[in-house]
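What follows is a single structure, written as structure tokens, with notes after it.
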Amino acid sequence: MGRMVHESDEAIRGRANPPITVSGKLFYEECRSHIGKEFVLIFTYNSRHNNLLRLFITTPLNESFTVHVQTPLLSQINRDYVVTNGSELFIELPIDLAISRTTKSNKTILVTAQNFIVLFASNMQHNGGDSYIVYPIAVLSTEHVSVNLKTKSGTYHSVTSMIAIADQTVVDISIPTGAVFVFEGITYNSGKTLSMSLNKYEVFQFTSSDDLSGTVLTSNYPIAAFSGHELGNPEISSKTSIDMIYEMLVPTIFWSTYYIAISNPVFDSGKGELIRVFTSMDNTDIMINTSGTLIKTNVGTKASFHQFNLPLSEAAVITADKPVLVSQTTASKQLAGSYTGDARLLLPSPVNAWLSEYSFNTPGKNMYNGLVLLADSISSINITLNEKSINSSIVWKKIEGTNFIYTSIHLSEGAHTLTCLSAVSKCWGYVYGIHSLEEYGTSIGRSLSQ
């Protein structure tokens, strides 16, 4: 359908794909968003493992159907489950599926469903874990840039992981200046590319005490890629506490030029967030507007990044002249009442990838769970959470220089739905959980369309 001549740019912003209607609700095709029928994932290891690994699954469809979970290269897991609309399917997996340090591995987990599902993975361990959204095989691609942290303690490492979904996959790994890792006795640095050959469902993971951020993964077939830190602490932190950070990477073909980063307003005290803006091309101009203060900078080379500290409860509007990726890592030991958070990593969705409707879980057990929600100020009155209008008593904060507002909403544990009913606007958010020196945060979903 063509663009109407009287329709404003504001009205079409973010309308990347026409939605489809399923059971009377709007949902996007599998190949265009986080919703899918087939997924691959892995878990990475840290020394604090004492809980089981977990999958959290829900469906936006008004039906029940089978979800199959297996380890395709191992005989360890091979089981069917049933997911039902409005309910959370919670699956526990043995901790020996977590992959440690630099290695090739067969510990891929394959999740296939009879119909559309949303999948989150959780590696929440005592005083050290993270949870992350998993994107379907249908949207995987061939170029990724790793997001990690500088190690404050040499004991724990930055980690980057990849899974092949086709035989004869070759991944060229180019690490940034100043970083080094060792595989099979060979040292790799910024001047030496490792070409890793993988067959279907094989994993390669590499770690380093250096910051692997900016590592470029280029493959001849699509791969699933993940990155983070075994137990890290962002440099903005004044505290020494460390925590696992880990996210599934977004392929560079889905990067964009307009993001909003929100430092979680649930916290009463803390240092906020470390924001990094990664470039997909050389000579990228970046503009950052925080509370009316505008910063302009140029990043000269591809896969490099500009970073800054976003104070507690603040918003940053980030625009660029070429596609970029934004990452957010919270400072250690931020306080929210009686709860103490810790480092966590999330990749916010660009504004043009926001959707009208989401189904998601709170992928953490026995935590204070919540949602940081962003919306257009005009559409906020039309937002429903679990099919009920958002409470009018919720306090929204305005983002200077835009029509956007944001807030934090407490969530009960389990499955949730979020709907933005406005005809011209969409919304987005990230789900989070905090406990005692534990924290997770991850996107509730996004469009994945070029």
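Naming scheme: A, B, ... for chains in displayed order of the structure tokens; residues 1 onward per chain; ligands 1 onward as shown.
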Using only C-alpha atoms, what table do you get, as a tab-separated table, when you list each residue of segment 93-127 of chain A with an atom no more than 10 Å from segment 364-382 of chain A, its nearest pair of atoms, and their distance in Å rounded to one decimal, rows by chain then rising number?
residue	atom	partner	partner_atom	distance
A:Phe120	CA	A:Gly364	CA	9.8
A:Ala121	CA	A:Gly364	CA	9.3
A:Ser122	CA	A:Gly364	CA	6.8
A:Asn123	CA	A:Gly364	CA	8.8
A:Met124	CA	A:Gly364	CA	6.9
Next item on the list: Step one, run DSSP on the backbone; step two, keep only residues of segment 114-299 of chain A assigned to strand (DSSP E); then write them as a PyMOL selection string.
Entry: chain A and resi 114-122+131-134+141-145+158-164+169-174+181-183+186-188+194-198+203-208+216-232+243-248+256-262+273-279+284-290+293-299
Note to self: Residues near segment 245-247 of chain A, anyone? I mean within 9 Å using only C-alpha atoms, not counting same-chain ones fewer than 4 positions away, as a PyMOL selection string.
What the structure shows: chain A and resi 44+128-134+147-149+159+225-232+329+343-347+440+442
Just write the chosen residues, N, CA and C atoms, as a CSV table (one decimal), in the first residue's frame.
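File result.csv, as written:
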chain,number,residue,atom,x,y,z
A,44,THR,N,26.6,-19.0,28.5
A,44,THR,CA,28.0,-18.9,28.8
A,44,THR,C,28.2,-19.1,30.3
A,128,GLY,N,25.3,-13.1,40.4
A,128,GLY,CA,26.0,-13.0,39.1
A,128,GLY,C,25.3,-13.7,38.0
A,129,GLY,N,24.5,-12.9,37.2
A,129,GLY,CA,23.7,-13.5,36.1
A,129,GLY,C,23.1,-12.5,35.2
A,130,ASP,N,22.5,-12.9,34.1
A,130,ASP,CA,21.7,-12.0,33.3
A,130,ASP,C,20.7,-12.8,32.5
A,131,SER,N,19.7,-12.1,32.0
A,131,SER,CA,18.7,-12.6,31.1
A,131,SER,C,18.6,-11.9,29.8
A,132,TYR,N,18.2,-12.5,28.7
A,132,TYR,CA,18.3,-11.9,27.4
A,132,TYR,C,17.2,-12.4,26.5
A,133,ILE,N,16.7,-11.5,25.6
A,133,ILE,CA,15.8,-11.9,24.6
A,133,ILE,C,16.6,-12.7,23.5
A,134,VAL,N,15.9,-13.7,22.9
A,134,VAL,CA,16.5,-14.5,21.8
A,134,VAL,C,15.7,-14.3,20.6
A,147,VAL,N,29.7,-6.6,21.8
A,147,VAL,CA,29.5,-5.6,22.9
A,147,VAL,C,30.0,-6.2,24.2
A,148,ASN,N,31.0,-5.7,24.8
A,148,ASN,CA,31.6,-6.3,26.0
A,148,ASN,C,32.0,-5.2,27.0
A,149,LEU,N,32.9,-5.5,27.9
A,149,LEU,CA,33.3,-4.5,28.9
A,149,LEU,C,34.8,-4.7,29.1
A,159,VAL,N,33.4,-12.0,26.8
A,159,VAL,CA,33.1,-13.2,26.1
A,159,VAL,C,32.3,-12.9,24.9
A,225,ALA,N,24.7,-14.7,17.3
A,225,ALA,CA,25.9,-14.2,18.0
A,225,ALA,C,25.5,-13.6,19.3
A,226,PHE,N,26.3,-13.8,20.3
A,226,PHE,CA,26.1,-13.3,21.7
A,226,PHE,C,27.3,-12.7,22.2
A,227,SER,N,27.2,-11.8,23.1
A,227,SER,CA,28.4,-11.2,23.8
A,227,SER,C,28.1,-10.6,25.1
A,228,GLY,N,29.2,-10.4,25.9
A,228,GLY,CA,29.1,-9.7,27.2
A,228,GLY,C,30.3,-9.9,28.0
A,229,HIS,N,30.2,-10.2,29.3
A,229,HIS,CA,31.3,-10.4,30.2
A,229,HIS,C,30.9,-11.4,31.2
A,230,GLU,N,31.8,-12.3,31.6
A,230,GLU,CA,31.6,-13.3,32.6
A,230,GLU,C,31.1,-12.7,33.9
A,231,LEU,N,31.9,-11.8,34.4
A,231,LEU,CA,31.5,-11.0,35.6
A,231,LEU,C,32.2,-9.7,35.5
A,232,GLY,N,31.4,-8.7,35.1
A,232,GLY,CA,32.0,-7.4,34.8
A,232,GLY,C,31.5,-6.3,35.6
A,329,THR,N,24.8,-0.3,29.8
A,329,THR,CA,25.3,-1.2,30.9
A,329,THR,C,25.2,-0.4,32.2
A,343,ALA,N,25.5,-4.8,37.6
A,343,ALA,CA,25.7,-4.6,36.2
A,343,ALA,C,24.8,-5.5,35.4
A,344,ARG,N,24.2,-4.9,34.4
A,344,ARG,CA,23.4,-5.7,33.4
A,344,ARG,C,23.6,-5.0,32.0
A,345,LEU,N,23.4,-5.7,30.9
A,345,LEU,CA,23.5,-5.2,29.6
A,345,LEU,C,22.2,-5.3,28.8
A,346,LEU,N,21.9,-4.2,28.1
A,346,LEU,CA,20.7,-4.3,27.2
A,346,LEU,C,21.0,-3.5,25.9
A,347,LEU,N,20.4,-3.9,24.8
A,347,LEU,CA,20.5,-3.2,23.5
A,347,LEU,C,19.2,-2.6,23.2
A,440,TYR,N,18.8,-8.1,35.9
A,440,TYR,CA,18.8,-8.3,34.5
A,440,TYR,C,18.0,-7.2,33.8
A,442,THR,N,16.4,-6.5,29.5
A,442,THR,CA,16.5,-6.8,28.1
A,442,THR,C,15.3,-6.3,27.4
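Proximity ranking of A:Ser280, A:Ser356, A:Thr362, A:Asn78 relative to Phe254 of chain A places A:Ser280 first, based on only C-alpha atoms.
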Next item on the list: Could you give me the residues within segment 196-401 of chain A that DSSP places in helix (DSSP H, G or I), as a list of chain:residue names?
Entry: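 The residues of segment 196-401 of chain A classed as helix (DSSP H, G or I) are A:Thr252, A:Ile253, A:Phe254, A:Val351, A:Asn352, A:Ala353, A:Ser380, A:Ile381, A:Asn382.
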Check: For Ile390 of chain A, which residue out of A:Ser408, A:Gln328, A:Thr402, A:Tyr81 is the nearest one, using only C-alpha atoms?
Finding: A:Ser408
Check: How many Å lie between atom CA of Ser146 of chain A and atom CA of Glu314 of chain A, rounded to one decimal?
Finding: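 Distance reported for this atom pair: 25.5 Å.
When atom CA of Asn46 of chain A is paired with atom CA of Glu184 of chain A, their separation reads 21.2 Å.
Ranking A:Ser327, A:Ser100, A:Asn391, A:Ser209 by their shortest atom-to-atom distance to Phe181 of chain A, with only C-alpha atoms included, puts A:Ser209 first.
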